[in-house]
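As stored in query-v3.json (JSON, C-alpha atoms and all ligand atoms):
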```json
[["chain", "number", "residue", "atom", "x", "y", "z"],
["A", 232, "MET", "CA", 82.67, 108.07, 90.44],
["A", 233, "GLU", "CA", 84.96, 109.79, 92.83],
["A", 234, "ILE", "CA", 87.47, 107.51, 94.58],
["A", 235, "LYS", "CA", 87.30, 108.39, 98.26],
["A", 236, "SER", "CA", 89.14, 105.38, 99.55],
["A", 237, "ALA", "CA", 91.14, 102.49, 98.14],
["A", 238, "GLU", "CA", 92.65, 99.92, 100.47],
["A", 239, "PHE", "CA", 94.45, 96.65, 100.06],
["A", 240, "VAL", "CA", 92.47, 93.84, 101.70],
["A", 241, "MET", "CA", 94.18, 90.52, 100.98],
["A", 242, "SER", "CA", 96.14, 88.37, 98.57],
["A", 243, "ASN", "CA", 95.69, 84.67, 98.16],
["A", 244, "SER", "CA", 95.76, 81.92, 95.60],
["A", 245, "ASP", "CA", 92.59, 80.17, 96.71],
["A", 246, "VAL", "CA", 89.21, 81.46, 95.64],
["A", 247, "LYS", "CA", 87.68, 79.94, 98.78],
["A", 248, "LYS", "CA", 89.70, 82.36, 100.90],
["A", 249, "CYS", "CA", 88.57, 85.50, 99.08],
["A", 250, "PRO", "CA", 86.44, 88.01, 101.05],
["A", 251, "LYS", "CA", 83.16, 86.50, 102.18],
["A", 252, "ASP", "CA", 80.97, 89.58, 102.09],
["A", 253, "ARG", "CA", 78.78, 90.10, 99.07],
["A", 254, "LEU", "CA", 80.17, 93.33, 97.69],
["A", 255, "PRO", "CA", 80.28, 93.44, 93.90],
["A", 256, "GLU", "CA", 83.68, 92.87, 92.41],
["A", 257, "TYR", "CA", 85.45, 93.65, 89.15],
["A", 258, "ALA", "CA", 88.50, 91.70, 88.03],
["A", 259, "PHE", "CA", 91.37, 93.11, 86.00],
["A", 260, "ILE", "CA", 93.44, 90.67, 84.00],
["A", 261, "GLY", "CA", 95.80, 90.56, 81.04],
["A", 262, "ARG", "CA", 99.22, 89.42, 79.96],
["A", 263, "SER", "CA", 102.09, 90.62, 82.10],
["A", 264, "ASN", "CA", 103.45, 94.03, 81.19],
["A", 265, "VAL", "CA", 100.16, 95.09, 79.61],
["A", 266, "GLY", "CA", 99.97, 98.04, 82.02],
["A", 267, "LYS", "CA", 97.55, 96.59, 84.58],
["A", 268, "SER", "CA", 99.25, 97.88, 87.71],
["A", 269, "SER", "CA", 99.61, 101.33, 86.19],
["A", 270, "LEU", "CA", 95.94, 101.31, 85.23],
["A", 271, "ILE", "CA", 94.84, 100.30, 88.73],
["A", 272, "ASN", "CA", 96.99, 103.03, 90.22],
["A", 273, "MET", "CA", 95.53, 105.55, 87.77],
["A", 274, "LEU", "CA", 91.95, 104.49, 88.55],
["A", 275, "THR", "CA", 92.45, 104.64, 92.29],
["A", 276, "HIS", "CA", 94.61, 107.75, 92.27],
["A", 277, "ARG", "CA", 97.34, 105.95, 94.17],
["A", 278, "LYS", "CA", 101.00, 105.84, 93.20],
["A", 279, "SER", "CA", 101.55, 102.24, 94.13],
["A", 280, "LEU", "CA", 98.38, 100.52, 95.26],
["A", 281, "ALA", "CA", 99.12, 97.84, 92.71],
["A", 282, "LYS", "CA", 102.82, 97.22, 92.34],
["A", 283, "THR", "CA", 104.08, 98.09, 88.90],
["A", 284, "SER", "CA", 106.05, 95.24, 87.57],
["A", 285, "GLY", "CA", 109.11, 94.44, 85.60],
["A", 286, "ARG", "CA", 108.99, 91.29, 87.70],
["A", 287, "PRO", "CA", 107.73, 88.45, 85.55],
["A", 288, "GLY", "CA", 107.00, 85.32, 87.51],
["A", 289, "LYS", "CA", 105.85, 87.26, 90.55],
["A", 290, "THR", "CA", 103.70, 85.18, 92.83],
["A", 291, "GLN", "CA", 100.42, 84.25, 91.32],
["A", 292, "LEU", "CA", 97.90, 85.77, 93.63],
["A", 293, "ILE", "CA", 94.37, 87.10, 93.61],
["A", 294, "ASN", "CA", 94.63, 90.60, 95.11],
["A", 295, "HIS", "CA", 91.56, 92.27, 96.59],
["A", 296, "PHE", "CA", 91.30, 96.03, 97.05],
["A", 297, "ILE", "CA", 88.22, 97.64, 98.54],
["A", 298, "ILE", "CA", 87.12, 100.86, 96.88],
["A", 299, "ASN", "CA", 84.91, 103.46, 98.59],
["A", 300, "LYS", "CA", 84.06, 100.68, 101.03],
["A", 301, "ASN", "CA", 81.45, 99.40, 98.59],
["A", 302, "TRP", "CA", 83.09, 97.41, 95.81],
["A", 303, "TYR", "CA", 86.17, 95.28, 95.23],
["A", 304, "LEU", "CA", 88.74, 95.82, 92.57],
["A", 305, "VAL", "CA", 90.53, 92.52, 91.98],
["A", 306, "ASP", "CA", 94.00, 92.49, 90.53],
["A", 307, "LEU", "CA", 94.70, 89.11, 88.97],
["A", 308, "PRO", "CA", 98.15, 88.12, 87.77],
["A", 309, "GLY", "CA", 99.01, 87.79, 84.11],
["A", 310, "TYR", "CA", 97.43, 84.74, 82.57],
["A", 311, "GLY", "CA", 99.29, 82.00, 80.86],
["A", 312, "TYR", "CA", 98.72, 78.42, 79.89],
["A", 313, "ALA", "CA", 99.18, 75.79, 82.54],
["A", 314, "ARG", "CA", 101.21, 72.80, 81.48],
["A", 315, "VAL", "CA", 99.05, 69.76, 81.17],
["A", 316, "SER", "CA", 101.10, 66.65, 81.11],
["A", 317, "LYS", "CA", 100.64, 64.16, 78.28],
["A", 318, "SER", "CA", 98.31, 66.52, 76.50],
["A", 319, "THR", "CA", 98.67, 69.35, 74.09],
["A", 320, "LYS", "CA", 95.42, 70.86, 75.31],
["A", 321, "LYS", "CA", 95.88, 74.43, 76.40],
["A", 322, "VAL", "CA", 94.30, 75.44, 79.69],
["A", 323, "PHE", "CA", 94.66, 78.58, 81.75],
["A", 324, "GLN", "CA", 96.16, 78.43, 85.23],
["A", 325, "LYS", "CA", 93.86, 76.60, 87.59],
["A", 326, "PHE", "CA", 93.38, 79.35, 90.14],
["A", 327, "ILE", "CA", 92.34, 81.74, 87.38],
["A", 328, "THR", "CA", 89.72, 79.39, 85.95],
["A", 329, "GLU", "CA", 88.57, 78.58, 89.49],
["A", 330, "TYR", "CA", 88.31, 82.23, 90.38],
["A", 331, "PHE", "CA", 86.20, 83.03, 87.31],
["A", 332, "SER", "CA", 84.00, 79.98, 87.49],
["A", 333, "LYS", "CA", 83.39, 80.06, 91.24],
["A", 334, "ARG", "CA", 83.42, 83.67, 92.36],
["A", 335, "GLU", "CA", 79.74, 84.58, 92.61],
["A", 336, "GLN", "CA", 80.43, 88.18, 93.57],
["A", 337, "LEU", "CA", 82.18, 88.82, 90.28],
["A", 338, "VAL", "CA", 80.15, 91.30, 88.27],
["A", 339, "SER", "CA", 82.44, 91.81, 85.33],
["A", 340, "ALA", "CA", 85.97, 91.20, 84.13],
["A", 341, "PHE", "CA", 88.18, 93.67, 82.34],
["A", 342, "VAL", "CA", 90.61, 92.09, 79.89],
["A", 343, "LEU", "CA", 93.54, 94.40, 79.23],
["A", 344, "VAL", "CA", 95.29, 94.44, 75.87],
["A", 345, "ASP", "CA", 98.10, 96.67, 74.67],
["A", 346, "ILE", "CA", 96.58, 98.85, 71.95],
["A", 347, "ARG", "CA", 99.76, 98.65, 69.85],
["A", 348, "HIS", "CA", 99.68, 94.90, 69.41],
["A", 349, "THR", "CA", 97.79, 92.81, 66.89],
["A", 350, "PRO", "CA", 95.27, 90.51, 68.59],
["A", 351, "GLN", "CA", 97.22, 87.86, 70.46],
["A", 352, "PRO", "CA", 95.91, 84.27, 70.46],
["A", 353, "ILE", "CA", 96.09, 83.97, 74.25],
["A", 354, "ASP", "CA", 93.96, 87.11, 74.74],
["A", 355, "LEU", "CA", 91.39, 85.93, 72.19],
["A", 356, "GLU", "CA", 91.34, 82.47, 73.74],
["A", 357, "PHE", "CA", 90.84, 83.92, 77.19],
["A", 358, "MET", "CA", 87.93, 86.06, 75.98],
["A", 359, "ALA", "CA", 86.45, 82.99, 74.29],
["A", 360, "TRP", "CA", 86.81, 81.08, 77.57],
["A", 361, "LEU", "CA", 85.00, 83.87, 79.43],
["A", 362, "GLY", "CA", 82.26, 83.83, 76.80],
["A", 363, "GLU", "CA", 81.85, 80.07, 77.04],
["A", 364, "HIS", "CA", 81.47, 80.40, 80.80],
["A", 365, "GLY", "CA", 78.98, 83.24, 80.58],
["A", 366, "ILE", "CA", 81.25, 85.72, 82.34],
["A", 367, "PRO", "CA", 80.64, 89.32, 81.29],
["A", 368, "PHE", "CA", 83.74, 91.26, 80.31],
["A", 369, "SER", "CA", 84.94, 94.44, 78.68],
["A", 370, "ILE", "CA", 88.20, 95.02, 76.88],
["A", 371, "ILE", "CA", 90.54, 97.74, 78.09],
["A", 372, "PHE", "CA", 93.03, 98.92, 75.50],
["A", 373, "THR", "CA", 96.08, 100.24, 77.34],
["A", 374, "LYS", "CA", 98.94, 102.62, 76.46],
["A", 375, "ALA", "CA", 96.90, 104.68, 73.99],
["A", 376, "ASP", "CA", 99.42, 107.53, 74.42],
["A", 377, "LYS", "CA", 101.86, 105.44, 72.36],
["A", 378, "LEU", "CA", 99.78, 105.83, 69.18],
["A", 379, "LYS", "CA", 98.45, 108.77, 67.21],
["A", 380, "PRO", "CA", 94.64, 109.12, 67.01],
["A", 381, "LYS", "CA", 94.47, 107.75, 63.47],
["A", 382, "ALA", "CA", 96.56, 104.71, 64.42],
["A", 383, "ILE", "CA", 94.32, 104.12, 67.47],
["A", 384, "GLU", "CA", 91.32, 104.10, 65.15],
["A", 385, "ASN", "CA", 93.01, 101.64, 62.78],
["A", 386, "HIS", "CA", 94.12, 99.30, 65.56],
["A", 387, "ILE", "CA", 90.66, 99.25, 67.14],
["A", 388, "GLU", "CA", 89.08, 98.59, 63.76],
["A", 389, "ALA", "CA", 91.47, 95.70, 63.10],
["A", 390, "TYR", "CA", 90.82, 94.29, 66.57],
["A", 391, "LYS", "CA", 87.06, 94.48, 66.04],
["A", 392, "ASN", "CA", 87.34, 92.67, 62.71],
["A", 393, "ILE", "CA", 89.21, 89.78, 64.32],
["A", 394, "LEU", "CA", 86.66, 89.62, 67.15],
["A", 395, "LEU", "CA", 83.80, 89.56, 64.66],
["A", 396, "GLU", "CA", 85.19, 86.33, 63.24],
["A", 397, "THR", "CA", 84.03, 84.59, 66.42],
["A", 398, "TRP", "CA", 81.77, 87.01, 68.29],
["A", 399, "GLU", "CA", 78.36, 88.15, 67.14],
["A", 400, "GLU", "CA", 78.75, 91.42, 68.96],
["A", 401, "ILE", "CA", 81.81, 93.44, 69.86],
["A", 402, "PRO", "CA", 82.34, 93.45, 73.62],
["A", 403, "ASN", "CA", 82.24, 96.77, 75.41],
["A", 404, "TYR", "CA", 85.67, 98.42, 75.23],
["A", 405, "PHE", "CA", 87.63, 101.31, 76.70],
["A", 406, "ILE", "CA", 90.65, 103.17, 75.37],
["A", 407, "THR", "CA", 93.03, 104.14, 78.16],
["A", 408, "SER", "CA", 96.42, 105.57, 78.97],
["A", 409, "SER", "CA", 97.76, 105.60, 82.50],
["A", 410, "SER", "CA", 100.56, 107.99, 81.58],
["A", 411, "LYS", "CA", 98.14, 110.54, 80.12],
["A", 412, "THR", "CA", 95.13, 109.71, 82.32],
["A", 413, "ILE", "CA", 92.88, 108.74, 79.44],
["A", 414, "GLY", "CA", 89.76, 106.64, 79.96],
["A", 415, "LYS", "CA", 89.66, 106.93, 83.72],
["A", 416, "ASP", "CA", 86.28, 108.65, 84.05],
["A", 417, "GLU", "CA", 84.66, 106.40, 81.46],
["A", 418, "LEU", "CA", 85.77, 103.28, 83.31],
["A", 419, "LEU", "CA", 84.84, 104.51, 86.77],
["A", 420, "ASN", "CA", 81.46, 105.77, 85.56],
["A", 421, "TYR", "CA", 80.80, 102.43, 83.91],
["A", 422, "ILE", "CA", 81.47, 100.62, 87.19],
["A", 423, "GLU", "CA", 79.39, 103.14, 89.11],
["A", 424, "THR", "CA", 76.42, 102.68, 86.75],
["A", 425, "ILE", "CA", 76.54, 98.91, 87.19],
["A", 426, "ASN", "CA", 76.83, 99.25, 90.98],
["A", 427, "ASN", "CA", 73.84, 101.60, 91.07],
["A", 428, "ASN", "CA", 71.77, 99.18, 89.00],
["A", 429, "LEU", "CA", 72.74, 96.31, 91.30],
["A", 430, "ASN", "CA", 71.61, 98.34, 94.31],
["A", 431, "ARG", "CA", 68.26, 98.99, 92.66],
["A", 432, "ASP", "CA", 67.55, 95.28, 92.09],
["B", 501, "LIG", "P1", 101.63, 95.07, 84.45],
["B", 501, "LIG", "O1", 102.74, 94.06, 84.41],
["B", 501, "LIG", "O2", 100.51, 94.69, 83.52],
["B", 501, "LIG", "O3", 101.13, 95.39, 85.84],
["B", 501, "LIG", "O4", 102.21, 96.42, 83.80],
["B", 501, "LIG", "P2", 102.82, 97.73, 84.48],
["B", 501, "LIG", "O5", 101.74, 98.64, 84.94],
["B", 501, "LIG", "O6", 103.86, 97.34, 85.48],
["B", 501, "LIG", "O7", 103.46, 98.42, 83.20],
["B", 501, "LIG", "C1", 104.39, 97.73, 82.37],
["B", 501, "LIG", "C2", 105.23, 98.77, 81.64],
["B", 501, "LIG", "O8", 104.41, 99.56, 80.77],
["B", 501, "LIG", "C3", 105.90, 99.77, 82.58],
["B", 501, "LIG", "O9", 107.16, 100.08, 82.06],
["B", 501, "LIG", "C4", 104.99, 100.98, 82.53],
["B", 501, "LIG", "O10", 105.65, 102.18, 82.79],
["B", 501, "LIG", "C5", 104.49, 100.93, 81.11],
["B", 501, "LIG", "N1", 103.14, 101.51, 81.00],
["B", 501, "LIG", "C6", 102.05, 101.16, 81.71],
["B", 501, "LIG", "N2", 100.97, 101.88, 81.35],
["B", 501, "LIG", "C7", 101.39, 102.75, 80.41],
["B", 501, "LIG", "C8", 100.74, 103.78, 79.64],
["B", 501, "LIG", "O11", 99.54, 104.07, 79.76],
["B", 501, "LIG", "N3", 101.51, 104.44, 78.73],
["B", 501, "LIG", "C9", 102.83, 104.16, 78.55],
["B", 501, "LIG", "N4", 103.49, 104.85, 77.63],
["B", 501, "LIG", "N5", 103.48, 103.22, 79.25],
["B", 501, "LIG", "C10", 102.78, 102.51, 80.17]]
```

Translate the structure of the given file into C-alpha cells.
Amino acid sequence: MEIKSAEFVMSNSDVKKCPKDRLPEYAFIGRSNVGKSSLINMLTHRKSLAKTSGRPGKTQLINHFIINKNWYLVDLPGYGYARVSKSTKKVFQKFITEYFSKREQLVSAFVLVDIRHTPQPIDLEFMAWLGEHGIPFSIIFTKADKLKPKAIENHIEAYKNILLETWEEIPNYFITSSSKTIGKDELLNYIETINNNLNRD
C-alpha cells in the first residue's frame, strides 16, 4: 500500500467520541518506549505524525489518524494496570478496555513488543485479554536493528515457545525497525489485504 495521505483527526479519552463513520480501524498499542510513535511515523512516512516520546505519563488519549482517506490508524497510549482499590486484581486502564470491547470499527490490534526483551507479563496478559474478548491482533516486534539476525531468530523462537504455553496457535507477527525501515511493506500490505477483503464482503 502506498501512503498518499495521513492526517490527524482527533484525540479523546472516551470511546463514544471516536469518529462515527464506519471506516475500518487498526489500533497500535504497547508499553511506553516500545517504539510505537517511531513505527507510526515510519509507516506513514511522516517525521512526527505521532509524537515520539521520552514523556512517560503523557495524557492518556485515543488518537485517530486517517490514512488515504479510507482507514484509521489508532495510536493508543502505553498500557498499564489500573489501580483497583481493595483488590489485588489486575485490570488494564478503563478507557483501553472500553475502547477494545466497544469499538465496532476495530478490525485488528497490533501489540508492539521490543524484540530485545524476554516476554513481559503485562504484554502476555494483554494479549490474553484480547484473546478472551475475541479481538484479533498481531504482534509487532520493534527495534530489530538492535539485534543480529541470529539473535532475532533466537528471540522470536523463545517468544513463540512462551506463547505456545497458553495459545494453540502463534499469532501473526511482524519484525520491524523504524530506524532501518524494516517491516514497513509487510505491515502495510497486510492492512491493505484486509481492507480489500472487507470491501469485497
Ligand atoms: P513510544 O513511547 O512507544 O512511542 O516510543 P518512541 O517511538 O518514542 O521510541 C522510544 C525510543 O526508542 C526512542 O529513543 C526512539 O528513538 C527509540 N526507537 C524507536 N524505534 C526504534 C528502532 O526501530 N530502532 C532503534 N534503534 N531505536 C528505536

In terms of the shortest atom-to-atom distance over only C-alpha atoms and all ligand atoms, which of A:Glu233, A:Asp376, A:Asp345, A:Glu356 is closest to ligand LIG 501 (chain B)?
->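 Closest to ligand LIG 501 (chain B), using only C-alpha atoms and all ligand atoms: A:Asp376.
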
Counting only C-alpha atoms and all ligand atoms, give me one row per residue of chain A with an atom at most 7 Å from an atom of ligand LIG 501 (chain B), showing the shortest contact pair and its distance in Å to one decimal, sorted by chain then residue number, as a Markdown table.
```
| residue | atom | partner | partner_atom | distance |
| --- | --- | --- | --- | --- |
| A:Gly261 | CA | B:LIG501 | O2 | 6.7 |
| A:Arg262 | CA | B:LIG501 | O2 | 6.5 |
| A:Ser263 | CA | B:LIG501 | O1 | 4.2 |
| A:Asn264 | CA | B:LIG501 | O1 | 3.3 |
| A:Val265 | CA | B:LIG501 | O2 | 3.9 |
| A:Gly266 | CA | B:LIG501 | O4 | 3.3 |
| A:Lys267 | CA | B:LIG501 | O2 | 3.7 |
| A:Ser268 | CA | B:LIG501 | O3 | 3.6 |
| A:Ser269 | CA | B:LIG501 | O5 | 3.7 |
| A:Leu270 | CA | B:LIG501 | N2 | 6.4 |
| A:Lys282 | CA | B:LIG501 | O6 | 6.9 |
| A:Thr283 | CA | B:LIG501 | O6 | 3.5 |
| A:Ser284 | CA | B:LIG501 | O6 | 3.7 |
| A:Gly285 | CA | B:LIG501 | O6 | 6.0 |
| A:Thr373 | CA | B:LIG501 | O11 | 5.7 |
| A:Lys374 | CA | B:LIG501 | O11 | 3.7 |
| A:Ala375 | CA | B:LIG501 | O11 | 6.4 |
| A:Asp376 | CA | B:LIG501 | N3 | 5.7 |
| A:Lys377 | CA | B:LIG501 | N4 | 5.5 |
| A:Thr407 | CA | B:LIG501 | O11 | 6.7 |
| A:Ser408 | CA | B:LIG501 | O11 | 3.6 |
| A:Ser409 | CA | B:LIG501 | O11 | 3.6 |
| A:Ser410 | CA | B:LIG501 | O11 | 4.4 |
| A:Lys411 | CA | B:LIG501 | O11 | 6.6 |
```

Could you please determine the separation between atom CA of A:Ile271 and atom CA of A:Leu395 in Å, to one decimal place?
->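 Result for atom CA of A:Ile271 versus atom CA of A:Leu395: 28.6 Å, one decimal.
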
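Picture a line from atom CA of A:Ser236 to atom CA of A:Val342; it runs 23.8 Å.
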
Closest of A:Leu274, A:Ile401, A:Ile346, A:Ile327 to A:Leu304, counting only C-alpha atoms, is A:Leu274

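From atom CA of A:Ile293 back to atom CA of A:Phe239, the distance works out to 11.5 Å.
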
Quick one: stretch 413-427 of chain A from the block, N, CA and C atoms, as a compact mmCIF listing (two decimals), in the first residue's frame.
```txt
# COMPACT_ATOMS: atom_id res chain seq x y z
N ILE A 413 12.48 -1.45 8.38
CA ILE A 413 12.27 -2.88 8.17
C ILE A 413 10.81 -3.20 8.54
N GLY A 414 10.17 -3.99 7.70
CA GLY A 414 8.82 -4.46 8.02
C GLY A 414 7.69 -3.56 7.56
N LYS A 415 8.06 -2.43 7.00
CA LYS A 415 7.03 -1.45 6.61
C LYS A 415 6.09 -2.01 5.54
N ASP A 416 6.65 -2.53 4.46
CA ASP A 416 5.81 -3.01 3.36
C ASP A 416 4.94 -4.18 3.80
N GLU A 417 5.53 -5.07 4.60
CA GLU A 417 4.77 -6.24 5.05
C GLU A 417 3.53 -5.79 5.85
N LEU A 418 3.75 -4.83 6.74
CA LEU A 418 2.64 -4.37 7.57
C LEU A 418 1.57 -3.67 6.74
N LEU A 419 2.02 -2.76 5.87
CA LEU A 419 1.05 -2.01 5.07
C LEU A 419 0.31 -2.93 4.10
N ASN A 420 1.01 -3.91 3.56
CA ASN A 420 0.34 -4.85 2.64
C ASN A 420 -0.67 -5.71 3.38
N TYR A 421 -0.32 -6.06 4.60
CA TYR A 421 -1.24 -6.85 5.43
C TYR A 421 -2.55 -6.07 5.66
N ILE A 422 -2.40 -4.80 6.01
CA ILE A 422 -3.59 -3.96 6.24
C ILE A 422 -4.38 -3.79 4.94
N GLU A 423 -3.65 -3.59 3.86
CA GLU A 423 -4.32 -3.41 2.57
C GLU A 423 -5.13 -4.66 2.18
N THR A 424 -4.53 -5.83 2.40
CA THR A 424 -5.23 -7.08 2.06
C THR A 424 -6.52 -7.21 2.87
N ILE A 425 -6.43 -6.89 4.16
CA ILE A 425 -7.65 -6.98 4.99
C ILE A 425 -8.68 -5.97 4.48
N ASN A 426 -8.25 -4.74 4.22
CA ASN A 426 -9.19 -3.72 3.74
C ASN A 426 -9.86 -4.16 2.44
N ASN A 427 -9.08 -4.74 1.53
CA ASN A 427 -9.65 -5.19 0.26
C ASN A 427 -10.68 -6.28 0.48
```
